[in-house]
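Undergrad: The structure follows.
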Amino acid sequence: MSKRRALFFIYIGISICLFGGYYYCTIPANSFSGDHVYLIENTKEILGGHFRLVGMRNSRLQWTFPIINYLLIPLIAFTSNALFLYVSTSVTYVLGIWSLSWILLKYRPFSEFLIFASLSLTHVWSLFYSSFLWPPNYIPFFVSLFFICFFHYLRNSENVWFFHGASLFLNIAFQLHTMSVVLIFGFVLALTMLGKLPRYRHWFLQVGLQIFLISPWIIFHLFVIDWGKEPEYHSSLFKHFFSPAQAFMNYLSGTGLTREFSRYLFYGTNTFPYEKFWFAWLSIGGWILLLLLIWGLWNGHKILNLKDINWIKIRYHLLPYYHEETDINRAYPVAVYCLFLPVLLYQFSGIYMEPHYFQFLTPLMFLLVATLPGQIKHPTKRKIAWSCILVIVIIQGSFSYWRAAEEHRSPYLDDIGYTQVLAKVVAEQCKDNPQIRFVSNSGFKASTLSNDGKWFRFRFDPELAEFDRTGTLHCKLLLIFQNKLLEKSPIVNWHLRLLKPVLKLEVHNNQIWIIGDQ
Amino acid sequence: MNKIIIFFVILLLSLSSLIIFYQEDISAKLSENLNRNLEKDWGKDHPKFIKYNLKVDFLELSISWDKLNILAPVFPEGHFINSIKNIDSSNCILEVSLALKIKLDTVCEEIRIGFDIYEWELYQNLNISKSHFIIFGHDRNIFEDLYGKQGNHIVTINTNNLYINNTNQGDYRIEYYFQDENTIRININKSDLTIKRQNEGLNIHTVDSDYFFLNSNYFKNTMKR
C-alpha cells in the first residue's frame with residue numbers, strides 16, 4: 001500500500017471516530033418542524049405520480065425549486081423515517097469531505113489536505129447543518145462534487161465534460177439555496193481569468209442544460225401560478241446593511257449556536273452557564289478566520305496579476321482558451337480566489353441574511369485557508385499562519401464537540417430522537433392522553449395548540465401507539481423542562497413552586513412533571 | 001496624487017460654502033420633512049405625535065419645539081405599552097453633539113408622563129407584574145429598532161418640571177444609552193437603573209429591587225391560570 005493510501009485510511013479512521021461521535025450525539029437532538037414534514041410529504045406526492053414543479057414556500061413566501069424533493073425520492077421510497085433522513089444529510093457531508101480530501105491528498109501538498117481535513121472536522125456551523133434534513137444542508141456535498149470536477153478541468157481543460165459536470169453540480173447547489181448563485185459568478189470569473197472558457201458550442205449546451213434543470217420552476221411561474229392568489233413576497237434588498245456582515249461573521253465563528261433560541265433553528269444549544277465564555281471564545285476564532293481568509297484572498301490576488309488585464313483587452317478573455325493558464329499550481333489558488341471573491345457582493349446588498357445562507361462557503365473557505373501556508377515564503381509569516389489555523393481548529397473543535405456532548409447529556413425531549421422516551425413515560429404512567437407542554441425560558445409550548453404541537457404530534461402519536469398502555473395515573477398535563485432551567489430562570493421557579501404534580505420523573509437531565517386534576 | 005487631494009479640498013470647500021449660503025433653506029426643508037413624518041399615520045402599532053412649532057436648525061444641529069406629545073400605540077389589553085398614557089413635553093431644545101458616541105442633549109421646561117398603576121406579585125425580591133405583560137412578537141421590533149437607531153447614542157434629558165401622573169417631581173436629569181442590544185442603562189438624578197430584555201420578559205433592575213414584566217406566553221399561562 002502506498003504511503004498516500006495509508007495516510008488516507010488513517011484519516012478515514014480518525015474521521016469515522018470523530019464524525020461518528022458527533023453525529024451520534026447531535027442527530028437525535030435536532031428539532032423537527034414544518035419544513036421537514038413538507039419535505040417528506042411533497043416527496044411522497046412525487047412518488048405517488050404527482051410531479052411537482054416547485055418545492056415549498058421559503059421565508060420570503062416565494063416558491064423554492066423542487067430539486068430537493070427529487071433528490072430525496074430514492075431515500076423516501078425506502079423509508080420516510082425522519083431520523084434516517086437526518087442521517088442521510090450527515091452521510092452526504094462526510095462523503096463530500098472525504099472525496100475532496102482524497103483529491104487534495106493526491107494532487108496538492110500534504111499541508112492543504114491536513115488543513116482542509118482539520119477544518120471540515122471542526123467547523124461549528126458546517127457540522128451542525130450537516131446533522132439534519134434541510135435543503136441547504138446538502139449544498140456542501142454538491143459544492144464538493146463541483147470542486148472535484150472543476151479541479152480536474154483545471155488540470156486538463158481538454159476534457160470538457162468536467163466543465164459540464166462542475167456546472168451541473170453548481171446548478172444543484174443554486175437550486176438548494178439561491179444564495180449559492182455567487183458561486184456561479186465566481187466560476188465564470190475563474191474560467192475567464194484563467195483562460196479556461198470552453199468552445200462556444202459547450203457554452204450553448206451548458207446554458208441549455210441549466211435552463212432545462214430549472215425548467216419546472218419556470219413553467220410553474222409562467223403557466224401554472226395564479227398571481228392573483230399569490231401573497232406579497234418579502235424583499236429585504238437594500239434594507240439591512242449590517243446583516244450580511246453579521247451573518248458572515250456568525251458563519252465563520254459559530255457564535256449563533258451559543259444561543260438557546262435562534263431563528264430557523266428552534267432550540268439551539270443551551271450553553272448555560274457558559275454562554276458568555278463560549279461566545280467570546282468563538283468570536284476570537286471568527287476574527288482569526290476572517291483575517292486568514294483576507295490573507296488568503298490577498299495572496300490569490302497577487303498571483304492573478306491584474307496588470308495584464310485592461311478594459312480594452314478584457315473582451316479577448318471571453319474567447320475560448322485565451323492565454324490559458326496551464327500551471328495547476330498557479331491556476332488552483334487563483335480559481336479558489338475567484339470563486340470566493342463574489343461573496344463580497346453580499347456585503348453591499350443590504351439584504352437580510354442568516355448563517356445558513358452561507359452554506360456554499362463549506363468547503364470553499366476551508367480550501368482557501370488551506371492554500372495559505374503553502375503560498376507564504378517568509379518562514380515567520382508561515383509559522384504565524386499555521387499557528388492561527390491551529391488556534392481556529394482548537395476553538396471551533398472544542399465548541400463543536402462540547403456542544404455535541406452537551407446535546408447528548410441534556411437534550412430537549414421534543415427533539416427528534418427523544419420523543420419516544422416521552423411516549424414510553426406516557427404509556428407506562430398514564431391511562432389517558434395528557435396535554436404535553438414543554439417549558440423553556442421563552443414560555444410554554446403546547447402539544448395540541450400551536451404548529452409546533454402539530455409537528456410534535458406527527459412523530460409522537462405513532463410512537464405512543466407502539467407501546468402497551470400500562471399506566472394507572474389520571475394525567476391531565478405533562479410539564480417537561482430541562483434541569484438547567486431551574487438554575488437559570490427565577491421566573492420558571494416562581495411558576496413551578498405553585499404546582500402540585502402527582503409524579504415527578506427525571507429522564508436525560510429533564511424533569512417530567514405529571515399534573516392530575518387539582 | 002496631488003491633483004486628487006486638491007480636487008477633494010475644492011469639493012469640500014464648495015460644499016461647505018453651499019451649506020452656509022443655503023443654511024436657512026436646508027433647515028426649512030428639514031423642518032418640513034420632520035413635521036411631515038411625525039404627522040403621518042404609520043398604523044395602529046406605532047405612536048402618534050402632536051406637535052407645535054417644531055423646527056430644525058441645520059448649522060446648530062438642533063431641533064426645538066414648543067410642544068410635543070407622544071401618544072402610545074394601542075396594543076392588546078394588558079400590554080405594557082398600553083400602561084403609558086401620555087408623554088408630553090413643552091419648550092424643549094434637542095442638540096446633537098457629534099463625537100465617537102453621538103450625544104443627544106435635550107433640555108425641556110416641562111415633561112409630563114402619565115401611566116397606569118401596576119399590580120405586583122413579590123417573589124424573592126422580584127416584583128412580577130400581575131397586570132401588564134410584554135409581547136416580544138411586536139416589541140422585539142420596537143426594541144431592535146431602538147437599538148439599531150440609538151445603539152451608538154447617549155441621550156440626556158434635563159427638565160425643570162417632571163410631572164408623573166400630574167404630581168410635580170421637580171428638577172430631573174435623565175441619561176440613557178444602550179449597554180448592549182438587550183439592555184438600556186438609565187441614570188435618573190444620579191441613580192442607576194437598567195431595563196433588560198430577557199426571554200421570559202422585561203427586567204427593570206433598580207438599586208432597591210427588581211421589577212419584571214412577563215412575556216405574553218408566560219403571562220397567559222401563569223397569571224391567568
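Labeling convention for the C-alpha cells: chains A, B, ... as they appear, residues from 1 per chain, ligands from 1 in order of appearance.
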Got a sec to pull out which chain A residues are within 8 Å of chain B, counting only C-alpha atoms, and send them as number ranges by chain?
TA: A: 441-444, 491, 494-495
Undergrad: Using the selection just defined, write its residues with C-alpha atoms as a tab-separated table (two decimals), in the first residue's frame.
TA:
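As a result, result16.tsv now contains:
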```
chain	number	residue	atom	x	y	z
A	441	ASN	CA	-37.41	30.35	29.40
A	442	SER	CA	-39.39	31.75	26.46
A	443	GLY	CA	-42.59	30.22	27.70
A	444	PHE	CA	-44.81	27.19	27.24
A	491	ILE	CA	-39.46	33.06	36.67
A	494	TRP	CA	-41.73	31.11	40.65
A	495	HIS	CA	-44.33	29.36	38.50
```
Undergrad: Leaving out Leu39 in chain A and any residue of its chain fewer than 6 positions from it, which residues lie within 9 Å of it when counting only C-alpha atoms, given as a PDB file with N, CA and C atoms, in the first residue's frame?
TA:
```
ATOM      1  N   GLY A  55     -40.991  23.523  -5.040  1.00  0.00           N
ATOM      2  CA  GLY A  55     -40.850  22.924  -3.712  1.00  0.00           C
ATOM      3  C   GLY A  55     -41.877  23.515  -2.760  1.00  0.00           C
ATOM      4  N   MET A  56     -41.391  24.098  -1.681  1.00  0.00           N
ATOM      5  CA  MET A  56     -42.313  24.744  -0.733  1.00  0.00           C
ATOM      6  C   MET A  56     -42.036  26.247  -0.725  1.00  0.00           C
ATOM      7  N   ILE A  68     -34.799  19.341  -4.323  1.00  0.00           N
ATOM      8  CA  ILE A  68     -34.555  18.565  -3.107  1.00  0.00           C
ATOM      9  C   ILE A  68     -35.524  17.387  -3.018  1.00  0.00           C
ATOM     10  N   ASN A  69     -36.777  17.606  -3.449  1.00  0.00           N
ATOM     11  CA  ASN A  69     -37.761  16.511  -3.397  1.00  0.00           C
ATOM     12  C   ASN A  69     -37.367  15.390  -4.349  1.00  0.00           C
ATOM     13  N   LEU A  72     -34.523  13.436  -2.899  1.00  0.00           N
ATOM     14  CA  LEU A  72     -34.885  12.585  -1.751  1.00  0.00           C
ATOM     15  C   LEU A  72     -35.702  11.351  -2.140  1.00  0.00           C
ATOM     16  N   LEU A 133     -32.024  17.193   8.271  1.00  0.00           N
ATOM     17  CA  LEU A 133     -32.599  17.317   6.924  1.00  0.00           C
ATOM     18  C   LEU A 133     -33.066  18.751   6.681  1.00  0.00           C
ATOM     19  N   TRP A 134     -32.564  19.359   5.622  1.00  0.00           N
ATOM     20  CA  TRP A 134     -32.994  20.705   5.221  1.00  0.00           C
ATOM     21  C   TRP A 134     -32.358  20.962   3.856  1.00  0.00           C
ATOM     22  N   PRO A 135     -33.040  21.556   2.906  1.00  0.00           N
ATOM     23  CA  PRO A 135     -32.443  21.695   1.569  1.00  0.00           C
ATOM     24  C   PRO A 135     -31.027  22.288   1.544  1.00  0.00           C
TER      25      PRO A 135
END
```
Undergrad: Can you pull out every residue within 8 Å of Glu463 in chain A, counting only C-alpha atoms, but drop anything in the same chain fewer than 6 positions away, and send it as a PyMOL selection string?
TA: chain A and resi 419-420+423
Undergrad: Please return, as a ChimeraX atom specification, all residues of range 38-186 of chain B that DSSP assigns to helix (DSSP H, G or I) on the basis of the backbone.
TA: /B:38-39,80-83,136-150
Undergrad: Would you save the residues of that selection, restricted to N, CA and C atoms, as a tab-separated table (two decimals), in the first residue's frame?
TA:
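New file out-v2.tsv:
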```tsv
chain	number	residue	atom	x	y	z
B	38	LEU	N	-43.70	63.12	11.20
B	38	LEU	CA	-44.36	62.97	12.50
B	38	LEU	C	-45.88	63.03	12.37
B	39	GLU	N	-46.35	63.72	11.35
B	39	GLU	CA	-47.81	63.81	11.15
B	39	GLU	C	-48.38	62.56	10.50
B	80	PHE	N	-47.91	46.14	28.22
B	80	PHE	CA	-47.14	47.13	28.97
B	80	PHE	C	-47.23	48.53	28.34
B	81	ILE	N	-47.14	48.59	27.01
B	81	ILE	CA	-47.15	49.89	26.34
B	81	ILE	C	-48.47	50.63	26.61
B	82	ASN	N	-49.55	49.86	26.73
B	82	ASN	CA	-50.84	50.50	27.00
B	82	ASN	C	-50.87	51.24	28.33
B	83	SER	N	-49.98	50.80	29.25
B	83	SER	CA	-50.00	51.42	30.57
B	83	SER	C	-49.44	52.85	30.53
B	136	PHE	N	-43.18	40.01	22.81
B	136	PHE	CA	-41.92	40.17	22.08
B	136	PHE	C	-42.13	40.11	20.57
B	137	GLY	N	-43.22	39.48	20.16
B	137	GLY	CA	-43.51	39.46	18.71
B	137	GLY	C	-43.53	40.87	18.16
B	138	HIS	N	-44.18	41.79	18.89
B	138	HIS	CA	-44.23	43.19	18.47
B	138	HIS	C	-43.02	43.94	19.01
B	139	ASP	N	-42.76	43.72	20.32
B	139	ASP	CA	-41.77	44.56	20.99
B	139	ASP	C	-40.36	44.27	20.56
B	140	ARG	N	-40.15	43.04	20.07
B	140	ARG	CA	-38.79	42.75	19.62
B	140	ARG	C	-38.40	43.76	18.56
B	141	ASN	N	-39.35	44.07	17.69
B	141	ASN	CA	-39.04	45.02	16.63
B	141	ASN	C	-38.81	46.41	17.19
B	142	ILE	N	-39.67	46.78	18.17
B	142	ILE	CA	-39.51	48.11	18.77
B	142	ILE	C	-38.14	48.20	19.43
B	143	PHE	N	-37.80	47.16	20.20
B	143	PHE	CA	-36.53	47.15	20.91
B	143	PHE	C	-35.36	47.18	19.92
B	144	GLU	N	-35.45	46.34	18.90
B	144	GLU	CA	-34.34	46.28	17.94
B	144	GLU	C	-34.26	47.54	17.10
B	145	ASP	N	-35.41	48.14	16.81
B	145	ASP	CA	-35.40	49.43	16.11
B	145	ASP	C	-34.70	50.48	16.94
B	146	LEU	N	-35.05	50.49	18.24
B	146	LEU	CA	-34.42	51.47	19.13
B	146	LEU	C	-32.92	51.25	19.17
B	147	TYR	N	-32.54	49.98	19.33
B	147	TYR	CA	-31.10	49.69	19.41
B	147	TYR	C	-30.40	50.04	18.10
B	148	GLY	N	-31.06	49.70	16.99
B	148	GLY	CA	-30.47	49.99	15.68
B	148	GLY	C	-30.25	51.48	15.47
B	149	LYS	N	-31.17	52.28	16.01
B	149	LYS	CA	-31.07	53.73	15.79
B	149	LYS	C	-30.26	54.42	16.88
B	150	GLN	N	-30.28	53.82	18.10
B	150	GLN	CA	-29.65	54.53	19.22
B	150	GLN	C	-28.52	53.74	19.85
```
Undergrad: Which one is closest to Ile26 in chain B: B:Phe58, B:Lys130, B:Trp42, B:Val107? Count only C-alpha atoms.
TA: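 Of B:Phe58, B:Lys130, B:Trp42, B:Val107, the one nearest Ile26 in chain B is B:Phe58, counting only C-alpha atoms.
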Undergrad: Hey, can you check how far CA of Leu477 in chain A sits from CA of Asn30 in chain A?
TA: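 One can read the CA of Leu477 in chain A to CA of Asn30 in chain A distance as 24.2 Å.
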Undergrad: Would you please give, as JSON, numbers by chain, all residues of range 175-346 of chain A that DSSP assigns to strand (DSSP E or B) based on the backbone?
TA: {"A": [261, 262, 266, 267]}
Undergrad: Go ahead and write the selection's residues with C-alpha atoms as a compact mmCIF listing (two decimals), in the first residue's frame.
TA:
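Below is the file that was written, result31.txt:
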```txt
# COMPACT_ATOMS: atom_id res chain seq x y z
CA PHE A 261 -33.05 30.01 20.65
CA SER A 262 -32.35 31.12 17.16
CA PHE A 266 -35.88 26.46 17.09
CA TYR A 267 -33.94 25.15 20.03
```
Undergrad: Got a sec: who's within 6 Å of range 138-143 of chain A, counting only C-alpha atoms, leaving out chain neighbours fewer than 5 positions off, as a list in words?
TA: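 Those residues are Thr92, Tyr93, Gly96, Phe169, Ala173 and Thr362 of chain A.
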Undergrad: Hey, what's within 10 Å of Val188 in chain A if we count only C-alpha atoms and toss same-chain stuff fewer than 3 positions away? As a PyMOL selection string, please?
TA: chain A and resi 167+182-185+191-194+196-197+318+335+338-339
Undergrad: Please write the residues from the selection above to a file, keeping N, CA and C atoms, as a compact mmCIF listing (two decimals), in the first residue's frame.
TA:
```txt
# COMPACT_ATOMS: atom_id res chain seq x y z
N SER A 167 -20.58 22.50 -13.75
CA SER A 167 -21.71 23.43 -13.92
C SER A 167 -23.01 22.81 -13.41
N VAL A 182 -23.71 33.17 -6.17
CA VAL A 182 -22.40 33.83 -6.28
C VAL A 182 -21.31 32.86 -6.70
N LEU A 183 -21.51 31.57 -6.41
CA LEU A 183 -20.52 30.59 -6.86
C LEU A 183 -20.52 30.49 -8.39
N ILE A 184 -21.69 30.69 -8.99
CA ILE A 184 -21.76 30.66 -10.46
C ILE A 184 -20.99 31.86 -11.02
N PHE A 185 -21.17 33.03 -10.40
CA PHE A 185 -20.39 34.21 -10.82
C PHE A 185 -18.90 33.92 -10.67
N LEU A 191 -13.02 30.95 -14.76
CA LEU A 191 -12.79 30.44 -16.13
C LEU A 191 -12.26 31.56 -17.03
N THR A 192 -12.80 32.76 -16.86
CA THR A 192 -12.40 33.89 -17.69
C THR A 192 -10.96 34.30 -17.38
N MET A 193 -10.66 34.43 -16.10
CA MET A 193 -9.33 34.89 -15.70
C MET A 193 -8.24 33.88 -16.05
N LEU A 194 -8.61 32.59 -16.01
CA LEU A 194 -7.60 31.55 -16.25
C LEU A 194 -7.57 31.09 -17.71
N LYS A 196 -9.92 29.52 -19.32
CA LYS A 196 -10.41 28.13 -19.36
C LYS A 196 -11.81 28.05 -19.96
N LEU A 197 -12.29 29.14 -20.53
CA LEU A 197 -13.64 29.07 -21.11
C LEU A 197 -13.62 28.09 -22.27
N LEU A 318 -12.92 36.50 -23.14
CA LEU A 318 -14.13 35.71 -23.37
C LEU A 318 -13.94 34.72 -24.52
N ALA A 335 -8.21 30.10 -8.94
CA ALA A 335 -9.59 29.63 -9.06
C ALA A 335 -10.32 29.76 -7.72
N CYS A 338 -11.00 33.43 -7.14
CA CYS A 338 -12.10 33.93 -7.98
C CYS A 338 -13.46 33.43 -7.49
N LEU A 339 -13.50 32.19 -7.01
CA LEU A 339 -14.77 31.65 -6.52
C LEU A 339 -15.24 32.38 -5.26
```
Undergrad: Check the smallest atom-to-atom distance from each of A:Leu105, A:Leu176, A:Ser33, A:Tyr23 to Val54 in chain A using only C-alpha atoms, then report the winner.
TA: A:Leu176
